[in-house]
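**Q** mmCIF, N, CA and C atoms, file run-v2.cif:
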```cif
data_my_file
loop_
_atom_site.label_atom_id
_atom_site.label_comp_id
_atom_site.auth_asym_id
_atom_site.auth_seq_id
_atom_site.Cartn_x
_atom_site.Cartn_y
_atom_site.Cartn_z
N ALA A 1 -11.34 11.90 22.64
CA ALA A 1 -10.99 12.42 23.95
C ALA A 1 -11.24 13.92 23.97
N ALA A 2 -11.44 14.45 25.15
CA ALA A 2 -11.66 15.88 25.29
C ALA A 2 -10.82 16.41 26.44
N THR A 3 -10.43 17.66 26.35
CA THR A 3 -9.69 18.30 27.43
C THR A 3 -10.69 18.77 28.47
N ASN A 4 -10.18 19.32 29.59
CA ASN A 4 -11.05 19.82 30.64
C ASN A 4 -11.96 20.93 30.14
N SER A 5 -11.52 21.67 29.12
CA SER A 5 -12.35 22.75 28.60
C SER A 5 -13.40 22.24 27.63
N GLY A 6 -13.39 20.95 27.33
CA GLY A 6 -14.39 20.37 26.44
C GLY A 6 -13.94 20.30 24.99
N SER A 7 -12.80 20.91 24.66
CA SER A 7 -12.33 20.84 23.28
C SER A 7 -11.62 19.52 23.04
N PRO A 8 -11.63 19.04 21.79
CA PRO A 8 -11.00 17.75 21.51
C PRO A 8 -9.49 17.79 21.76
N SER A 9 -8.94 16.68 22.24
CA SER A 9 -7.50 16.55 22.42
C SER A 9 -7.02 15.40 21.55
N ALA A 10 -5.77 15.48 21.15
CA ALA A 10 -5.21 14.42 20.30
C ALA A 10 -4.96 13.17 21.14
N GLU A 11 -5.26 12.04 20.57
CA GLU A 11 -5.02 10.77 21.23
C GLU A 11 -4.21 9.90 20.30
N LEU A 12 -3.18 9.29 20.83
CA LEU A 12 -2.30 8.42 20.06
C LEU A 12 -2.47 6.99 20.52
N MET A 13 -1.89 6.06 19.78
CA MET A 13 -1.96 4.65 20.15
C MET A 13 -0.54 4.12 20.31
N VAL A 14 -0.29 3.53 21.46
CA VAL A 14 0.97 2.84 21.71
C VAL A 14 0.70 1.37 21.38
N GLN A 15 1.58 0.78 20.58
CA GLN A 15 1.32 -0.60 20.14
C GLN A 15 2.60 -1.41 20.13
N GLU A 16 2.47 -2.68 20.50
CA GLU A 16 3.55 -3.65 20.41
C GLU A 16 2.98 -4.88 19.73
N SER A 17 3.75 -5.48 18.84
CA SER A 17 3.31 -6.71 18.20
C SER A 17 4.48 -7.66 18.08
N PHE A 18 4.15 -8.94 17.97
CA PHE A 18 5.17 -9.98 17.89
C PHE A 18 4.59 -11.17 17.15
N THR A 19 5.39 -11.77 16.28
CA THR A 19 4.97 -12.98 15.56
C THR A 19 6.14 -13.93 15.46
N ASP A 20 5.90 -15.19 15.76
CA ASP A 20 6.86 -16.26 15.48
C ASP A 20 6.07 -17.55 15.31
N ALA A 21 6.74 -18.69 15.28
CA ALA A 21 6.07 -19.96 15.03
C ALA A 21 5.04 -20.31 16.11
N SER A 22 5.20 -19.73 17.31
CA SER A 22 4.25 -20.04 18.39
C SER A 22 2.96 -19.26 18.28
N GLY A 23 2.93 -18.20 17.45
CA GLY A 23 1.71 -17.43 17.28
C GLY A 23 2.02 -15.96 17.08
N SER A 24 0.97 -15.15 17.19
CA SER A 24 1.09 -13.70 17.01
C SER A 24 0.32 -12.99 18.11
N MET A 25 0.82 -11.81 18.49
CA MET A 25 0.11 -11.01 19.47
C MET A 25 0.22 -9.54 19.11
N VAL A 26 -0.82 -8.82 19.43
CA VAL A 26 -0.86 -7.37 19.28
C VAL A 26 -1.42 -6.81 20.58
N VAL A 27 -0.69 -5.88 21.20
CA VAL A 27 -1.14 -5.21 22.42
C VAL A 27 -1.07 -3.72 22.14
N TYR A 28 -2.12 -3.00 22.51
CA TYR A 28 -2.16 -1.57 22.24
C TYR A 28 -2.90 -0.84 23.34
N ALA A 29 -2.64 0.46 23.44
CA ALA A 29 -3.32 1.28 24.44
C ALA A 29 -3.38 2.72 23.94
N PRO A 30 -4.53 3.37 24.10
CA PRO A 30 -4.59 4.80 23.74
C PRO A 30 -3.85 5.63 24.80
N ILE A 31 -3.24 6.71 24.33
CA ILE A 31 -2.55 7.63 25.24
C ILE A 31 -2.70 9.03 24.66
N ASP A 32 -2.92 10.01 25.52
CA ASP A 32 -3.06 11.37 25.01
C ASP A 32 -1.68 12.02 24.87
N VAL A 33 -1.63 13.13 24.17
CA VAL A 33 -0.36 13.81 23.89
C VAL A 33 0.32 14.24 25.19
N ALA A 34 -0.46 14.68 26.18
CA ALA A 34 0.12 15.08 27.45
C ALA A 34 0.88 13.91 28.10
N GLY A 35 0.32 12.71 28.01
CA GLY A 35 1.00 11.53 28.54
C GLY A 35 2.28 11.22 27.81
N VAL A 36 2.27 11.37 26.50
CA VAL A 36 3.49 11.15 25.70
C VAL A 36 4.55 12.16 26.11
N ASN A 37 4.15 13.42 26.28
CA ASN A 37 5.10 14.47 26.67
C ASN A 37 5.72 14.17 28.04
N ILE A 38 4.92 13.67 28.98
CA ILE A 38 5.44 13.30 30.30
C ILE A 38 6.47 12.19 30.16
N ALA A 39 6.15 11.16 29.39
CA ALA A 39 7.05 10.02 29.22
C ALA A 39 8.35 10.44 28.53
N MET A 40 8.23 11.29 27.52
CA MET A 40 9.42 11.69 26.76
C MET A 40 10.31 12.66 27.52
N SER A 41 9.78 13.33 28.53
CA SER A 41 10.60 14.25 29.32
C SER A 41 11.13 13.59 30.60
N ALA A 42 11.02 12.26 30.66
CA ALA A 42 11.56 11.46 31.77
C ALA A 42 10.96 11.83 33.12
N GLU A 43 9.71 12.30 33.12
CA GLU A 43 9.02 12.59 34.36
C GLU A 43 8.39 11.29 34.89
N ASP A 44 7.75 11.38 36.05
CA ASP A 44 7.09 10.23 36.67
C ASP A 44 5.91 9.79 35.79
N THR A 45 5.98 8.59 35.24
CA THR A 45 4.94 8.10 34.34
C THR A 45 3.83 7.34 35.06
N SER A 46 3.90 7.25 36.39
CA SER A 46 2.87 6.50 37.12
C SER A 46 1.50 7.18 37.04
N CYS A 47 1.46 8.45 36.66
CA CYS A 47 0.18 9.16 36.56
C CYS A 47 -0.46 9.03 35.17
N ILE A 48 0.21 8.34 34.24
CA ILE A 48 -0.33 8.19 32.89
C ILE A 48 -1.26 6.97 32.88
N PRO A 49 -2.55 7.19 32.62
CA PRO A 49 -3.47 6.05 32.60
C PRO A 49 -3.32 5.24 31.31
N LEU A 50 -2.93 4.00 31.43
CA LEU A 50 -2.84 3.10 30.27
C LEU A 50 -3.79 1.94 30.49
N LEU A 51 -4.67 1.73 29.54
CA LEU A 51 -5.59 0.59 29.58
C LEU A 51 -5.30 -0.28 28.36
N PRO A 52 -4.34 -1.21 28.49
CA PRO A 52 -3.96 -2.02 27.34
C PRO A 52 -5.04 -3.01 26.94
N SER A 53 -5.14 -3.21 25.66
CA SER A 53 -6.04 -4.20 25.06
C SER A 53 -5.23 -4.95 24.02
N GLY A 54 -5.79 -6.01 23.48
CA GLY A 54 -5.07 -6.71 22.43
C GLY A 54 -5.63 -8.08 22.13
N PHE A 55 -4.88 -8.80 21.31
CA PHE A 55 -5.30 -10.15 20.97
C PHE A 55 -4.09 -11.02 20.68
N VAL A 56 -4.30 -12.33 20.83
CA VAL A 56 -3.27 -13.33 20.57
C VAL A 56 -3.90 -14.39 19.67
N ILE A 57 -3.15 -14.82 18.66
CA ILE A 57 -3.58 -15.91 17.79
C ILE A 57 -2.50 -16.98 17.87
N VAL A 58 -2.89 -18.18 18.30
CA VAL A 58 -1.94 -19.29 18.41
C VAL A 58 -2.47 -20.50 17.65
N PRO A 59 -1.55 -21.33 17.12
CA PRO A 59 -1.99 -22.55 16.46
C PRO A 59 -2.71 -23.46 17.46
N GLY A 60 -3.66 -24.20 16.99
CA GLY A 60 -4.39 -25.10 17.86
C GLY A 60 -5.58 -25.67 17.14
N GLY A 61 -6.48 -26.25 17.87
CA GLY A 61 -7.69 -26.82 17.27
C GLY A 61 -7.44 -28.21 16.72
N ASP A 62 -8.39 -28.68 15.93
CA ASP A 62 -8.36 -30.04 15.41
C ASP A 62 -7.48 -30.20 14.18
N ASP A 63 -7.22 -29.11 13.49
CA ASP A 63 -6.54 -29.17 12.20
C ASP A 63 -5.12 -28.67 12.39
N ASN A 64 -4.13 -29.43 11.97
CA ASN A 64 -2.73 -29.06 12.13
C ASN A 64 -2.15 -28.40 10.89
N SER A 65 -2.99 -27.89 10.00
CA SER A 65 -2.50 -27.31 8.76
C SER A 65 -1.89 -25.93 8.96
N GLY A 66 -2.09 -25.33 10.13
CA GLY A 66 -1.57 -24.00 10.38
C GLY A 66 -2.50 -22.89 9.93
N SER A 67 -3.63 -23.25 9.31
CA SER A 67 -4.56 -22.21 8.88
C SER A 67 -5.48 -21.84 10.03
N CYS A 68 -5.99 -20.64 9.98
CA CYS A 68 -6.87 -20.15 11.04
C CYS A 68 -8.26 -19.94 10.47
N ASN A 69 -9.20 -20.76 10.84
CA ASN A 69 -10.58 -20.60 10.41
C ASN A 69 -11.42 -20.32 11.64
N ILE A 70 -11.78 -19.05 11.82
CA ILE A 70 -12.56 -18.66 12.99
C ILE A 70 -14.01 -18.52 12.56
N ASN A 71 -14.89 -19.26 13.20
CA ASN A 71 -16.31 -19.23 12.87
C ASN A 71 -16.97 -18.12 13.67
N THR A 72 -17.42 -17.07 12.97
CA THR A 72 -18.06 -15.95 13.66
C THR A 72 -19.58 -16.05 13.61
N ASP A 73 -20.11 -17.19 13.16
CA ASP A 73 -21.56 -17.35 13.07
C ASP A 73 -22.24 -17.15 14.42
N ASN A 74 -21.56 -17.52 15.50
CA ASN A 74 -22.18 -17.50 16.82
C ASN A 74 -21.77 -16.29 17.66
N LEU A 75 -21.15 -15.27 17.05
CA LEU A 75 -20.76 -14.10 17.86
C LEU A 75 -21.98 -13.51 18.54
N GLY A 76 -21.83 -13.21 19.78
CA GLY A 76 -22.94 -12.69 20.55
C GLY A 76 -23.64 -13.80 21.32
N ALA A 77 -23.42 -15.04 20.91
CA ALA A 77 -23.98 -16.17 21.66
C ALA A 77 -23.08 -16.42 22.86
N SER A 78 -23.49 -17.34 23.72
CA SER A 78 -22.73 -17.56 24.94
C SER A 78 -21.38 -18.23 24.70
N SER A 79 -21.22 -18.97 23.60
CA SER A 79 -19.94 -19.62 23.35
C SER A 79 -19.61 -19.64 21.87
N PRO A 80 -18.92 -18.58 21.38
CA PRO A 80 -18.52 -18.56 19.98
C PRO A 80 -17.64 -19.75 19.64
N ALA A 81 -17.76 -20.26 18.43
CA ALA A 81 -17.00 -21.43 18.02
C ALA A 81 -15.76 -21.03 17.24
N ILE A 82 -14.69 -21.76 17.45
CA ILE A 82 -13.48 -21.60 16.66
C ILE A 82 -13.19 -22.96 16.05
N ASN A 83 -13.15 -23.02 14.71
CA ASN A 83 -12.97 -24.28 14.02
C ASN A 83 -11.56 -24.42 13.49
N GLY A 84 -10.86 -25.48 13.91
CA GLY A 84 -9.58 -25.85 13.35
C GLY A 84 -8.56 -24.73 13.30
N GLY A 85 -7.33 -25.08 13.20
CA GLY A 85 -6.28 -24.16 12.83
C GLY A 85 -5.71 -23.27 13.91
N CYS A 86 -6.51 -22.47 14.60
CA CYS A 86 -5.94 -21.53 15.57
C CYS A 86 -6.93 -21.19 16.67
N ILE A 87 -6.38 -20.56 17.70
CA ILE A 87 -7.20 -20.09 18.82
C ILE A 87 -6.97 -18.59 18.95
N LEU A 88 -8.04 -17.84 19.00
CA LEU A 88 -8.00 -16.39 19.13
C LEU A 88 -8.42 -16.01 20.54
N THR A 89 -7.57 -15.24 21.21
CA THR A 89 -7.91 -14.71 22.53
C THR A 89 -7.89 -13.19 22.43
N VAL A 90 -8.97 -12.56 22.84
CA VAL A 90 -9.10 -11.11 22.78
C VAL A 90 -9.26 -10.59 24.21
N ALA A 91 -8.56 -9.51 24.54
CA ALA A 91 -8.66 -8.91 25.87
C ALA A 91 -8.78 -7.40 25.75
N PHE A 92 -9.71 -6.83 26.50
CA PHE A 92 -9.89 -5.38 26.52
C PHE A 92 -9.94 -4.91 27.96
N GLN A 93 -9.31 -3.77 28.21
CA GLN A 93 -9.47 -3.07 29.48
C GLN A 93 -10.16 -1.77 29.15
N VAL A 94 -11.27 -1.53 29.80
CA VAL A 94 -12.00 -0.29 29.57
C VAL A 94 -12.35 0.34 30.91
N LEU A 95 -12.37 1.65 30.92
CA LEU A 95 -12.79 2.38 32.11
C LEU A 95 -14.28 2.65 31.96
N ALA A 96 -15.08 1.82 32.62
CA ALA A 96 -16.53 1.92 32.48
C ALA A 96 -17.10 3.05 33.34
N SER A 97 -16.41 3.39 34.42
CA SER A 97 -16.88 4.46 35.29
C SER A 97 -15.68 5.03 36.05
N ALA A 98 -15.69 6.32 36.28
CA ALA A 98 -14.62 6.95 37.05
C ALA A 98 -14.79 6.71 38.55
N VAL A 99 -15.96 6.21 38.95
CA VAL A 99 -16.25 5.92 40.35
C VAL A 99 -16.07 4.42 40.58
N PRO A 100 -15.04 4.03 41.35
CA PRO A 100 -14.73 2.60 41.51
C PRO A 100 -15.88 1.74 42.04
N ALA A 101 -16.69 2.25 42.95
CA ALA A 101 -17.74 1.44 43.58
C ALA A 101 -19.06 1.46 42.81
N SER A 102 -19.13 2.21 41.71
CA SER A 102 -20.40 2.33 41.01
C SER A 102 -20.74 1.05 40.24
N LYS A 103 -22.03 0.83 40.05
CA LYS A 103 -22.48 -0.33 39.28
C LYS A 103 -22.48 0.05 37.80
N ILE A 104 -22.14 -0.93 36.97
CA ILE A 104 -22.10 -0.70 35.53
C ILE A 104 -23.50 -0.87 34.97
N SER A 105 -23.92 0.09 34.14
CA SER A 105 -25.26 0.01 33.56
C SER A 105 -25.30 -1.04 32.46
N MET A 106 -26.50 -1.52 32.18
CA MET A 106 -26.66 -2.52 31.13
C MET A 106 -26.27 -1.95 29.77
N SER A 107 -26.51 -0.67 29.54
CA SER A 107 -26.12 -0.08 28.25
C SER A 107 -24.60 -0.06 28.10
N THR A 108 -23.87 0.15 29.21
CA THR A 108 -22.41 0.10 29.16
C THR A 108 -21.94 -1.31 28.84
N VAL A 109 -22.55 -2.31 29.46
CA VAL A 109 -22.20 -3.71 29.18
C VAL A 109 -22.47 -4.03 27.72
N THR A 110 -23.60 -3.57 27.19
CA THR A 110 -23.95 -3.81 25.78
C THR A 110 -22.94 -3.13 24.86
N THR A 111 -22.55 -1.91 25.17
CA THR A 111 -21.57 -1.20 24.36
C THR A 111 -20.23 -1.93 24.34
N ILE A 112 -19.77 -2.37 25.51
CA ILE A 112 -18.51 -3.10 25.59
C ILE A 112 -18.61 -4.42 24.83
N ASN A 113 -19.71 -5.14 24.98
CA ASN A 113 -19.91 -6.40 24.27
C ASN A 113 -19.89 -6.17 22.75
N ASN A 114 -20.56 -5.12 22.29
CA ASN A 114 -20.55 -4.81 20.86
C ASN A 114 -19.15 -4.47 20.37
N HIS A 115 -18.38 -3.77 21.19
CA HIS A 115 -17.01 -3.42 20.84
C HIS A 115 -16.15 -4.69 20.69
N ILE A 116 -16.29 -5.62 21.61
CA ILE A 116 -15.54 -6.87 21.55
C ILE A 116 -15.94 -7.68 20.31
N CYS A 117 -17.23 -7.82 20.06
CA CYS A 117 -17.70 -8.57 18.89
C CYS A 117 -17.22 -7.93 17.59
N ASN A 118 -17.24 -6.60 17.53
CA ASN A 118 -16.76 -5.90 16.34
C ASN A 118 -15.27 -6.16 16.14
N ALA A 119 -14.49 -6.14 17.21
CA ALA A 119 -13.05 -6.40 17.10
C ALA A 119 -12.79 -7.81 16.58
N VAL A 120 -13.53 -8.80 17.10
CA VAL A 120 -13.36 -10.18 16.64
C VAL A 120 -13.73 -10.30 15.16
N ARG A 121 -14.80 -9.64 14.75
CA ARG A 121 -15.19 -9.66 13.32
C ARG A 121 -14.10 -9.05 12.45
N GLN A 122 -13.50 -7.95 12.90
CA GLN A 122 -12.44 -7.30 12.13
C GLN A 122 -11.19 -8.18 12.05
N ILE A 123 -10.85 -8.84 13.14
CA ILE A 123 -9.71 -9.77 13.13
C ILE A 123 -10.00 -10.91 12.17
N HIS A 124 -11.22 -11.44 12.23
CA HIS A 124 -11.62 -12.53 11.32
C HIS A 124 -11.50 -12.08 9.87
N ALA A 125 -11.98 -10.88 9.57
CA ALA A 125 -11.91 -10.36 8.20
C ALA A 125 -10.46 -10.22 7.75
N ALA A 126 -9.59 -9.75 8.65
CA ALA A 126 -8.18 -9.61 8.30
C ALA A 126 -7.55 -10.97 8.04
N LEU A 127 -7.89 -11.96 8.86
CA LEU A 127 -7.35 -13.30 8.64
C LEU A 127 -7.88 -13.90 7.34
N ALA A 128 -9.13 -13.64 7.03
CA ALA A 128 -9.74 -14.19 5.81
C ALA A 128 -9.07 -13.61 4.57
N THR A 129 -8.69 -12.33 4.60
CA THR A 129 -8.07 -11.71 3.43
C THR A 129 -6.62 -12.12 3.29
N CYS A 130 -5.97 -12.52 4.40
CA CYS A 130 -4.56 -12.93 4.35
C CYS A 130 -4.42 -14.43 4.06
N SER A 131 -5.46 -15.17 4.25
CA SER A 131 -5.40 -16.62 4.10
C SER A 131 -5.61 -17.01 2.64
N SER A 132 -4.93 -18.07 2.22
CA SER A 132 -5.13 -18.58 0.87
C SER A 132 -6.39 -19.42 0.80
N GLU A 133 -6.89 -19.80 1.98
CA GLU A 133 -8.12 -20.59 2.04
C GLU A 133 -9.32 -19.65 2.13
N PRO A 134 -10.47 -20.04 1.61
CA PRO A 134 -11.65 -19.19 1.73
C PRO A 134 -12.11 -19.11 3.18
N ALA A 135 -12.64 -17.95 3.53
CA ALA A 135 -13.17 -17.74 4.87
C ALA A 135 -14.42 -18.56 5.05
N PRO A 136 -14.71 -19.00 6.27
CA PRO A 136 -15.96 -19.75 6.50
C PRO A 136 -17.16 -18.86 6.18
N SER A 137 -18.20 -19.48 5.68
CA SER A 137 -19.38 -18.71 5.33
C SER A 137 -20.15 -18.32 6.57
N SER A 138 -20.76 -17.15 6.54
CA SER A 138 -21.60 -16.68 7.64
C SER A 138 -23.04 -16.78 7.20
N HIS A 139 -23.85 -17.43 7.99
CA HIS A 139 -25.28 -17.58 7.67
C HIS A 139 -26.11 -16.83 8.65
#
```
What is this file in structure tokens?

**A**
Amino acid sequence: AATNSGSPSAELMVQESFTDASGSMVVYAPIDVAGVNIAMSAEDTSCIPLLPSGFVIVPGGDDNSGSCNINTDNLGASSPAINGGCILTVAFQVLASAVPASKISMSTVTTINNHICNAVRQIHAALATCSSEPAPSSH
């Protein structure tokens, strides 16, 4: 992030997470220090821009073992596959343009798509390292 003068500004992450037998969720949003100061001084927080993103992992699929095997072989294809064990839902809110009526460029769409695919790969890697079962192979 940058301030109006062009110098870098500190950005923090607000995060909430929850896990129980029904699944796990992580929701987070970047916020700048000025926004934190407004919130902590009990001022009007409606002017603080929050774009929450996150993911949810719930049991599901064909396998009732409780393990999560997410197949990332098809990431970037029109329909990524999730095999047995769990269902992963990822959601991102991004400000693609400060002008509400403007059209989004193809490069912006590609950047957002790459960001989503990278997040899914990182979640998959985290699940693979936490699981006692081997991660599915990527070809």

**Q** How would you write, as a PyMOL selection string, the residues chosen by the PyMOL selection byres ((chain A and resi 40-51) around 6.5) on this structure?

**A** chain A and resi 28-30+35-39+52-53+93-94

**Q** What residues come out when you apply the PyMOL selection byres ((chain A and resi 114-121) around 8) to this file, written as a list in words?

**A**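 Given this file, the PyMOL selection byres ((chain A and resi 114-121) around 8) evaluates to Thr72, Leu75, Gly76, Val90, Ala91, Phe92, Thr108, Val109, Thr110, Thr111, Ile112, Asn113, Gln122, Ile123, His124, Ala125, Ala126 and Leu127 of chain A.
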
**Q** So which residues touch region 14-23 of chain A within 7 Å, counting only N, CA and C atoms, skipping near sequence neighbours fewer than 3 positions away, as a list in words?

**A**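 In the requested form, the answer reads Val26, Val27, Tyr28, Ala29, Pro30, Ile31, Val56, Ile57, Val58 and Pro59 of chain A.
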
**Q** Do you have the atom N of Met25 (chain A)-atom N of Met13 (chain A) distance handy?

**A**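 We find that atom N of Met25 (chain A) and atom N of Met13 (chain A) lie 18.1 Å from each other.
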
**Q** What gap, in Å, lies between atom C of Ala98 (chain A) and atom N of Asp32 (chain A)?

**A**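 One can read the atom C of Ala98 (chain A) to atom N of Asp32 (chain A) distance as 17.9 Å.
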
**Q** Would you work out the distance separating atom N of Ala101 (chain A) from CA of Glu11 (chain A), expressed in Å to one decimal?

**A**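 Distance reported for this atom pair: 26.1 Å.
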
**Q** Please report, as AutoDock Vina command-line options, the centre and edge lengths in Å to one decimal of an axis-aligned box covering all listed atoms of region 115-122 of chain A with 5 Å per side.

**A**
```
--center_x -14.8 --center_y -6.9 --center_z 16.8 --size_x 17.2 --size_y 16.9 --size_z 19.6
```
